[in-house]
$ cat run_17.csv   # CSV, C-alpha atoms and all ligand atoms
chain,number,residue,atom,x,y,z
A,1,MET,CA,-42.5,1.4,-3.0
A,2,ASN,CA,-42.5,3.7,-6.0
A,3,ALA,CA,-39.3,4.9,-7.7
A,4,ASN,CA,-39.5,8.4,-6.4
A,5,THR,CA,-39.8,7.5,-2.7
A,6,MET,CA,-37.1,4.9,-3.1
A,7,GLU,CA,-34.7,7.3,-4.6
A,8,SER,CA,-35.3,10.2,-2.3
A,9,SER,CA,-34.8,8.1,0.7
A,10,VAL,CA,-31.4,6.7,-0.4
A,11,SER,CA,-29.7,10.1,-0.4
A,12,ASN,CA,-28.0,9.6,2.9
A,13,SER,CA,-26.1,6.4,1.9
A,14,THR,CA,-22.4,7.1,1.5
A,15,LEU,CA,-21.8,4.2,-0.8
A,16,LEU,CA,-22.5,5.7,-4.2
A,17,THR,CA,-24.6,8.3,-5.9
A,18,LEU,CA,-27.1,6.7,-8.2
A,19,PRO,CA,-27.9,8.2,-11.6
A,20,PRO,CA,-31.2,10.1,-11.4
A,21,ASP,CA,-34.4,8.1,-11.8
A,22,LEU,CA,-32.4,4.9,-11.8
A,23,VAL,CA,-35.3,2.6,-10.8
A,24,SER,CA,-37.5,4.0,-13.6
A,25,MET,CA,-34.6,4.0,-16.1
A,26,ARG,CA,-33.9,0.3,-15.4
A,27,SER,CA,-37.5,-0.6,-16.0
A,28,GLN,CA,-37.5,1.5,-19.3
A,29,PHE,CA,-34.3,-0.3,-20.4
A,30,PHE,CA,-35.8,-3.6,-19.5
A,31,SER,CA,-38.9,-2.9,-21.6
A,32,PRO,CA,-38.7,0.2,-23.7
A,33,ASP,CA,-42.2,1.3,-24.8
A,34,ALA,CA,-40.8,4.1,-26.8
A,35,SER,CA,-37.2,4.8,-27.8
A,36,ILE,CA,-35.1,6.3,-25.1
A,37,SER,CA,-32.9,9.2,-26.2
A,38,LEU,CA,-29.8,10.0,-24.0
A,39,THR,CA,-26.6,11.9,-24.3
A,40,ARG,CA,-23.6,9.7,-24.5
A,41,VAL,CA,-22.5,10.8,-21.0
A,42,GLU,CA,-25.9,9.8,-19.6
A,43,PHE,CA,-25.9,6.5,-21.3
A,44,ASP,CA,-22.4,5.7,-20.2
A,45,LYS,CA,-23.4,6.3,-16.6
A,46,LEU,CA,-26.6,4.2,-16.8
A,47,TRP,CA,-25.3,1.2,-18.8
A,48,PRO,CA,-23.3,-0.4,-16.0
A,49,TYR,CA,-26.6,-0.7,-14.1
A,50,MET,CA,-28.3,-2.3,-17.1
A,51,ASP,CA,-25.6,-4.7,-18.5
A,52,ASN,CA,-26.9,-7.7,-16.6
A,53,ILE,CA,-30.2,-7.5,-18.5
A,54,TYR,CA,-28.9,-8.1,-21.9
A,55,THR,CA,-26.1,-10.0,-23.7
A,56,LEU,CA,-24.4,-8.9,-26.9
A,57,SER,CA,-25.9,-10.4,-30.0
A,58,ASN,CA,-24.4,-8.4,-32.9
A,59,ARG,CA,-22.3,-5.3,-33.4
A,60,GLY,CA,-23.2,-3.4,-36.5
A,61,SER,CA,-20.5,-1.7,-38.5
A,62,LEU,CA,-19.7,2.0,-38.2
A,63,THR,CA,-21.5,4.0,-40.9
A,64,LYS,CA,-20.0,6.9,-42.8
A,65,ASN,CA,-21.7,9.4,-40.6
A,66,GLY,CA,-20.3,7.9,-37.4
A,67,THR,CA,-23.4,5.9,-36.4
A,68,ARG,CA,-23.2,2.4,-35.0
A,69,SER,CA,-26.1,0.0,-34.0
A,70,ILE,CA,-25.5,-2.7,-31.4
A,71,TYR,CA,-28.0,-5.5,-30.9
A,72,TYR,CA,-28.6,-7.4,-27.7
A,73,ASN,CA,-30.6,-10.4,-26.6
A,74,CYS,CA,-32.2,-10.8,-23.3
A,75,ARG,CA,-29.8,-12.5,-20.9
A,76,LEU,CA,-32.4,-15.3,-20.5
A,77,PHE,CA,-32.7,-15.9,-24.3
A,78,ARG,CA,-31.3,-19.5,-24.1
A,79,THR,CA,-33.8,-22.3,-24.4
A,80,LYS,CA,-31.5,-24.8,-22.7
A,81,ASP,CA,-29.3,-24.4,-19.6
A,82,TYR,CA,-25.6,-24.5,-20.4
A,83,THR,CA,-24.1,-27.7,-19.0
A,84,PRO,CA,-20.3,-27.6,-18.4
A,85,VAL,CA,-18.4,-30.7,-19.6
A,86,ASP,CA,-16.8,-31.1,-16.2
A,87,ILE,CA,-19.4,-30.4,-13.5
A,88,ALA,CA,-16.7,-30.0,-10.9
A,89,LYS,CA,-15.3,-27.0,-12.7
A,90,ARG,CA,-18.7,-25.2,-12.5
A,91,GLN,CA,-18.1,-22.0,-10.6
A,92,ARG,CA,-21.6,-20.8,-10.2
A,93,ASN,CA,-24.5,-22.7,-8.8
A,94,ARG,CA,-27.6,-20.5,-8.8
A,95,SER,CA,-30.9,-22.0,-8.1
A,96,CYS,CA,-32.9,-19.7,-10.4
A,97,ARG,CA,-33.9,-20.7,-13.9
A,98,THR,CA,-31.6,-19.2,-16.5
A,99,ALA,CA,-32.7,-20.7,-19.8
A,100,ILE,CA,-36.3,-19.7,-20.4
A,101,GLY,CA,-36.0,-18.8,-24.1
A,102,CYS,CA,-36.9,-15.1,-23.6
A,103,PRO,CA,-37.4,-13.6,-27.1
A,104,ALA,CA,-36.9,-9.9,-26.1
A,105,LYS,CA,-34.2,-7.9,-27.9
A,106,LEU,CA,-32.7,-4.5,-27.5
A,107,LYS,CA,-31.2,-2.1,-30.0
A,108,VAL,CA,-28.7,0.6,-29.0
A,109,ILE,CA,-27.7,3.2,-31.7
A,110,TYR,CA,-24.7,5.3,-31.1
A,111,TYR,CA,-24.7,8.6,-32.9
A,112,GLY,CA,-21.0,9.4,-32.7
A,113,GLU,CA,-20.0,10.5,-29.2
A,114,SER,CA,-23.0,12.8,-28.8
A,115,ARG,CA,-26.2,10.8,-28.5
A,116,VAL,CA,-27.5,7.3,-27.9
A,117,GLU,CA,-30.9,5.9,-28.7
A,118,VAL,CA,-32.2,2.8,-27.0
A,119,SER,CA,-35.2,0.9,-28.3
A,120,ARG,CA,-36.9,-2.5,-28.4
A,121,GLN,CA,-35.7,-4.5,-31.4
A,122,GLY,CA,-38.6,-6.3,-32.9
A,123,SER,CA,-41.9,-6.7,-31.1
A,124,GLU,CA,-41.3,-9.5,-28.7
A,125,MET,CA,-41.6,-8.9,-24.9
A,126,HIS,CA,-39.8,-10.5,-22.0
A,127,ASN,CA,-41.5,-13.6,-20.7
A,128,HIS,CA,-40.3,-12.9,-17.1
A,129,ASP,CA,-39.7,-9.8,-14.9
A,130,LEU,CA,-36.6,-7.8,-14.2
A,131,GLN,CA,-36.2,-9.4,-10.8
A,132,GLU,CA,-35.5,-12.7,-12.4
A,133,ILE,CA,-32.5,-11.3,-14.2
A,134,ASP,CA,-31.2,-9.4,-11.2
A,135,ALA,CA,-31.5,-12.7,-9.3
A,136,ALA,CA,-29.5,-14.5,-11.9
A,137,LYS,CA,-26.7,-12.0,-12.5
A,138,CYS,CA,-25.2,-8.9,-10.9
A,139,ASN,CA,-24.7,-5.8,-13.0
A,140,THR,CA,-21.3,-4.2,-13.4
A,141,ALA,CA,-22.1,-1.2,-11.3
A,142,ILE,CA,-22.9,-3.4,-8.3
A,143,ARG,CA,-19.8,-5.6,-8.9
A,144,GLU,CA,-17.6,-2.4,-9.0
A,145,LEU,CA,-19.2,-1.1,-5.9
A,146,ALA,CA,-18.4,-4.3,-4.0
A,147,ALA,CA,-14.9,-4.4,-5.5
A,148,GLY,CA,-14.4,-0.8,-4.5
A,149,GLU,CA,-15.2,-1.6,-0.8
A,150,VAL,CA,-12.9,-4.6,-0.9
A,151,ALA,CA,-10.2,-2.3,-2.3
A,152,LYS,CA,-10.5,-0.2,0.8
A,153,GLY,CA,-9.3,-3.2,2.7
A,154,TYR,CA,-12.6,-4.4,4.1
A,155,LYS,CA,-13.3,-8.1,4.3
A,156,PRO,CA,-15.9,-9.5,1.8
A,157,SER,CA,-18.1,-10.6,4.6
A,158,HIS,CA,-18.1,-7.1,6.1
A,159,VAL,CA,-18.7,-5.5,2.7
A,160,HIS,CA,-21.6,-7.9,2.0
A,161,ARG,CA,-23.1,-7.1,5.4
A,162,ASN,CA,-22.7,-3.4,4.9
A,163,LEU,CA,-24.1,-3.4,1.4
A,164,ARG,CA,-27.0,-5.6,2.4
A,165,GLY,CA,-27.8,-2.8,5.0
A,166,ILE,CA,-27.5,-4.9,8.2
A,167,THR,CA,-26.2,-1.7,9.9
A,168,CYS,CA,-27.3,1.0,7.4
A,169,GLU,CA,-30.8,0.8,5.9
A,170,ALA,CA,-29.9,3.4,3.3
A,171,ASN,CA,-27.2,1.1,1.8
A,172,ARG,CA,-29.7,-1.7,1.3
A,173,GLN,CA,-32.0,0.8,-0.5
A,174,VAL,CA,-29.2,1.9,-2.8
A,175,LEU,CA,-28.3,-1.7,-3.5
A,176,GLU,CA,-31.9,-2.6,-4.4
A,177,ALA,CA,-32.5,0.5,-6.5
A,178,ALA,CA,-29.3,-0.6,-8.4
A,179,GLY,CA,-30.7,-4.1,-9.0
A,180,GLY,CA,-28.7,-5.8,-6.3
A,181,PHE,CA,-31.4,-7.2,-4.0
A,182,ASN,CA,-29.9,-10.7,-4.4
A,183,LEU,CA,-26.2,-9.8,-3.9
A,184,ALA,CA,-24.6,-12.9,-2.5
A,185,LEU,CA,-21.4,-13.1,-0.4
A,186,LYS,CA,-19.9,-15.1,-3.2
A,187,ASP,CA,-20.5,-12.2,-5.6
A,188,VAL,CA,-18.5,-9.9,-3.3
A,189,HIS,CA,-15.7,-12.4,-3.0
A,190,ASN,CA,-15.5,-12.7,-6.8
A,191,ALA,CA,-15.7,-9.0,-7.4
A,192,GLY,CA,-12.9,-8.5,-4.8
A,193,LYS,CA,-10.8,-11.2,-6.3
A,194,SER,CA,-10.9,-9.8,-9.7
A,195,TRP,CA,-10.0,-6.4,-8.3
A,196,LEU,CA,-7.1,-7.7,-6.3
A,197,ALA,CA,-5.8,-9.6,-9.4
A,198,THR,CA,-5.4,-6.3,-11.2
A,199,ASN,CA,-4.5,-4.1,-8.3
A,200,LYS,CA,-1.9,-6.0,-6.3
A,201,ASP,CA,-0.7,-3.3,-3.8
A,202,ILE,CA,-3.8,-2.9,-1.6
A,203,ARG,CA,-1.8,-1.0,1.0
A,204,LEU,CA,-1.0,1.9,-1.3
A,205,GLN,CA,-4.7,2.1,-2.1
A,206,GLY,CA,-5.5,2.2,1.6
A,207,ALA,CA,-3.1,5.0,2.2
A,208,ARG,CA,-5.0,7.3,-0.1
A,209,ASP,CA,-8.2,6.6,1.8
A,210,SER,CA,-9.7,9.1,4.2
A,211,TRP,CA,-8.5,8.8,7.9
A,212,GLU,CA,-11.9,7.4,8.8
A,213,LEU,CA,-11.5,4.5,6.4
A,214,GLN,CA,-7.9,3.9,7.5
A,215,ARG,CA,-9.0,3.9,11.1
A,216,ALA,CA,-11.9,1.5,10.4
A,217,ALA,CA,-9.4,-0.8,8.6
A,218,ALA,CA,-7.1,-0.7,11.6
A,219,VAL,CA,-9.9,-1.4,14.0
A,220,GLU,CA,-11.1,-4.3,11.9
A,221,THR,CA,-7.7,-5.9,11.6
A,222,LEU,CA,-6.9,-5.6,15.3
A,223,SER,CA,-10.4,-6.8,16.3
A,224,SER,CA,-10.0,-9.9,14.2
A,225,LYS,CA,-6.8,-10.7,16.0
A,226,GLY,CA,-8.4,-10.8,19.4
A,227,TRP,CA,-7.7,-7.2,20.5
A,228,GLN,CA,-10.4,-5.2,22.1
A,229,VAL,CA,-10.3,-1.8,20.3
A,230,ALA,CA,-11.9,1.5,21.1
A,231,SER,CA,-11.3,4.6,19.1
A,232,LEU,CA,-11.3,8.2,20.2
A,233,ASP,CA,-10.9,11.1,17.8
A,234,THR,CA,-10.5,14.8,18.4
A,235,ILE,CA,-10.2,17.7,15.9
A,236,ARG,CA,-8.0,20.6,16.6
A,237,GLU,CA,-8.5,23.7,14.6
A,238,SER,CA,-5.2,25.7,14.4
A,239,ASP,CA,-6.4,28.1,11.8
A,240,SER,CA,-9.2,28.1,9.2
A,241,LYS,CA,-7.2,26.0,6.7
A,242,PHE,CA,-5.6,23.4,8.9
A,243,PHE,CA,-7.1,20.6,10.9
A,244,GLY,CA,-5.0,18.4,13.0
A,245,ILE,CA,-6.5,15.1,13.7
A,246,LEU,CA,-5.5,13.0,16.6
A,247,MET,CA,-6.4,9.4,16.5
A,248,LEU,CA,-6.0,7.4,19.7
A,249,ILE,CA,-6.6,3.8,19.7
A,250,CYS,CA,-6.8,2.2,23.1
A,251,MET,CA,-5.9,-1.4,23.0
A,252,ILE,CA,-6.5,-3.9,25.7
A,253,PHE,CA,-5.1,-7.4,25.0
A,254,SER,CA,-7.8,-10.0,25.2
A,255,TYR,CA,-6.8,-13.1,27.1
A,256,ASN,CA,-9.3,-15.2,25.3
B,301,ZN,ZN,-36.1,-11.5,-21.1

$ encode --input "run_17.csv" --output "structure tokens" --more "lines below"
Ligand SMILES: [Zn+2]
Amino acid sequence: MNANTMESSVSNSTLLTLPPDLVSMRSQFFSPDASISLTRVEFDKLWPYMDNIYTLSNRGSLTKNGTRSIYYNCRLFRTKDYTPVDIAKRQRNRSCRTAIGCPAKLKVIYYGESRVEVSRQGSEMHNHDLQEIDAAKCNTAIRELAAGEVAKGYKPSHVHRNLRGITCEANRQVLEAAGGFNLALKDVHNAGKSWLATNKDIRLQGARDSWELQRAAAVETLSSKGWQVASLDTIRESDSKFFGILMLICMIFSYN
């Protein structure tokens, strides 16, 4: 599937709006043939989708005219796998190769707050494809997307199933365009956990959600406790500005 068909067909996903040309931009960031010139705003929107590809190598100092260069190595630059001292403490257990000594490097130049230029540093190319990195590490945009769904009160298993597009094909396409084809349930758990660690009162967050989300959360909670739940909604239009919403949940206690 080429980038254009992929991106035009994901427009009906409700999960997130991808930056324009994301599939093509990810492949350009992965392997820039020419330097990519972006506004700072464009760059800041794109980088969370790219930050799994590279790892910080060196941060240059700020010059007098407000320019700063930042250098990155490919995430797979190591020649040896990191072995934790205590194997029992190892959190992640991915089956993919992670240390393949990739020599590719990236240079990002910030021209103040106005413009950013991204280019290949040196002449070395990646010795693997982009998929190999996406399989090894989720980018920030995907982790935040998963955490945002957990923040709405959904269980990680439901979030994972929803993102993977078991019930909505458009979600799966969004996830893949964003580089998340290999999103694992464990990634969703971890993203949710770090969100919960910094946002303790999940119920207040839930109360700001739309009524559809609050109803979905109620249905999910009751269903998980053995209730059989059906929902019925009606919209009453009193005047052009006011909509009254009636939510009726019929509950029949399950004897099982
Ligand atoms: Zn590489």

$ residues_near_ligand --input "run_17.csv" --ligand "ligand ZN 301 (chain B)" --cutoff "9 Å" --atoms "only C-alpha atoms and all ligand atoms" --output "PDB file with C-alpha atoms, in the coordinates of the input"
ATOM      1  CA  PHE A  30     -35.800  -3.600 -19.500  1.00  0.00           C
ATOM      2  CA  ILE A  53     -30.200  -7.500 -18.500  1.00  0.00           C
ATOM      3  CA  TYR A  54     -28.900  -8.100 -21.900  1.00  0.00           C
ATOM      4  CA  ASN A  73     -30.600 -10.400 -26.600  1.00  0.00           C
ATOM      5  CA  CYS A  74     -32.200 -10.800 -23.300  1.00  0.00           C
ATOM      6  CA  ARG A  75     -29.800 -12.500 -20.900  1.00  0.00           C
ATOM      7  CA  LEU A  76     -32.400 -15.300 -20.500  1.00  0.00           C
ATOM      8  CA  PHE A  77     -32.700 -15.900 -24.300  1.00  0.00           C
ATOM      9  CA  ILE A 100     -36.300 -19.700 -20.400  1.00  0.00           C
ATOM     10  CA  GLY A 101     -36.000 -18.800 -24.100  1.00  0.00           C
ATOM     11  CA  CYS A 102     -36.900 -15.100 -23.600  1.00  0.00           C
ATOM     12  CA  PRO A 103     -37.400 -13.600 -27.100  1.00  0.00           C
ATOM     13  CA  ALA A 104     -36.900  -9.900 -26.100  1.00  0.00           C
ATOM     14  CA  LYS A 105     -34.200  -7.900 -27.900  1.00  0.00           C
ATOM     15  CA  MET A 125     -41.600  -8.900 -24.900  1.00  0.00           C
ATOM     16  CA  HIS A 126     -39.800 -10.500 -22.000  1.00  0.00           C
ATOM     17  CA  ASN A 127     -41.500 -13.600 -20.700  1.00  0.00           C
ATOM     18  CA  HIS A 128     -40.300 -12.900 -17.100  1.00  0.00           C
ATOM     19  CA  ASP A 129     -39.700  -9.800 -14.900  1.00  0.00           C
ATOM     20  CA  LEU A 130     -36.600  -7.800 -14.200  1.00  0.00           C
ATOM     21  CA  GLU A 132     -35.500 -12.700 -12.400  1.00  0.00           C
ATOM     22  CA  ILE A 133     -32.500 -11.300 -14.200  1.00  0.00           C
TER      23      ILE A 133
END

$ closest_residue --input "run_17.csv" --among "A:Ala178, A:Cys168, A:Ile70, A:Ile36" --to "Pro48 in chain A" --atoms "only C-alpha atoms"
A:Ala178

$ atom_distance --input "run_17.csv" --atom1 "CA of Phe43 in chain A" --atom2 "CA of Leu22 in chain A"
11.6 Å

$ residues_near_point --input "run_17.csv" --point "(-39.6, 3.5, -28.6)" --cutoff "10 Å" --atoms "all atoms listed in the file" --output "list in words"
Gln28, Ser31, Pro32, Asp33, Ala34, Ser35, Ile36, Ser37, Glu117, Val118, Ser119, Arg120 and Gln121 of chain A

$ closest_residue --input "run_17.csv" --among "A:Arg215, A:Lys107, A:Lys137, A:Arg68" --to "Leu183 in chain A" --atoms "only C-alpha atoms"
A:Lys137

$ atom_distance --input "run_17.csv" --atom1 "CA of His160 in chain A" --atom2 "CA of Leu56 in chain A"
29.1 Å

$ residues_around --input "run_17.csv" --residues "Leu145 in chain A" --least-positions-apart "5" --cutoff "12 Å" --atoms "all atoms listed in the file" --output "list in words"
Thr14, Leu15, Leu16, Thr17, Leu18, Pro48, Tyr49, Cys138, Asn139, Thr140, Val150, Ala151, Lys152, Pro156, Val159, His160, Asn162, Leu163, Asn171, Val174, Leu175, Ala178, Gly180, Leu183, Asp187, Val188, Ala191, Gly192 and Trp195 of chain A

$ atom_distance --input "run_17.csv" --atom1 "CA of Tyr71 in chain A" --atom2 "CA of Leu106 in chain A"
5.9 Å

$ closest_residue --input "run_17.csv" --among "A:Ile166, A:Ala99, A:Leu222, A:Leu62" --to "Lys80 in chain A" --atoms "all atoms listed in the file"
A:Ala99

$ closest_residue --input "run_17.csv" --among "A:Lys186, A:Arg59, A:Lys155, A:Lys64" --to "Gly112 in chain A" --atoms "all atoms listed in the file"
A:Lys64

$ closest_residue --input "run_17.csv" --among "A:Gln131, A:Ala230, A:Ser24, A:Ala147" --to "Gly179 in chain A" --atoms "only C-alpha atoms"
A:Gln131

$ closest_residue --input "run_17.csv" --among "A:Leu38, A:Ala177, A:Val219, A:Ala197" --to "Asp21 in chain A" --atoms "only C-alpha atoms"
A:Ala177

$ axis_aligned_box --input "run_17.csv" --around "range 64-82 of chain A" --padding-each-side "3 Å" --output "AutoDock Vina command-line options"
--center_x -26.9 --center_y -7.7 --center_z -31.2 --size_x 19.8 --size_y 40.2 --size_z 29.2
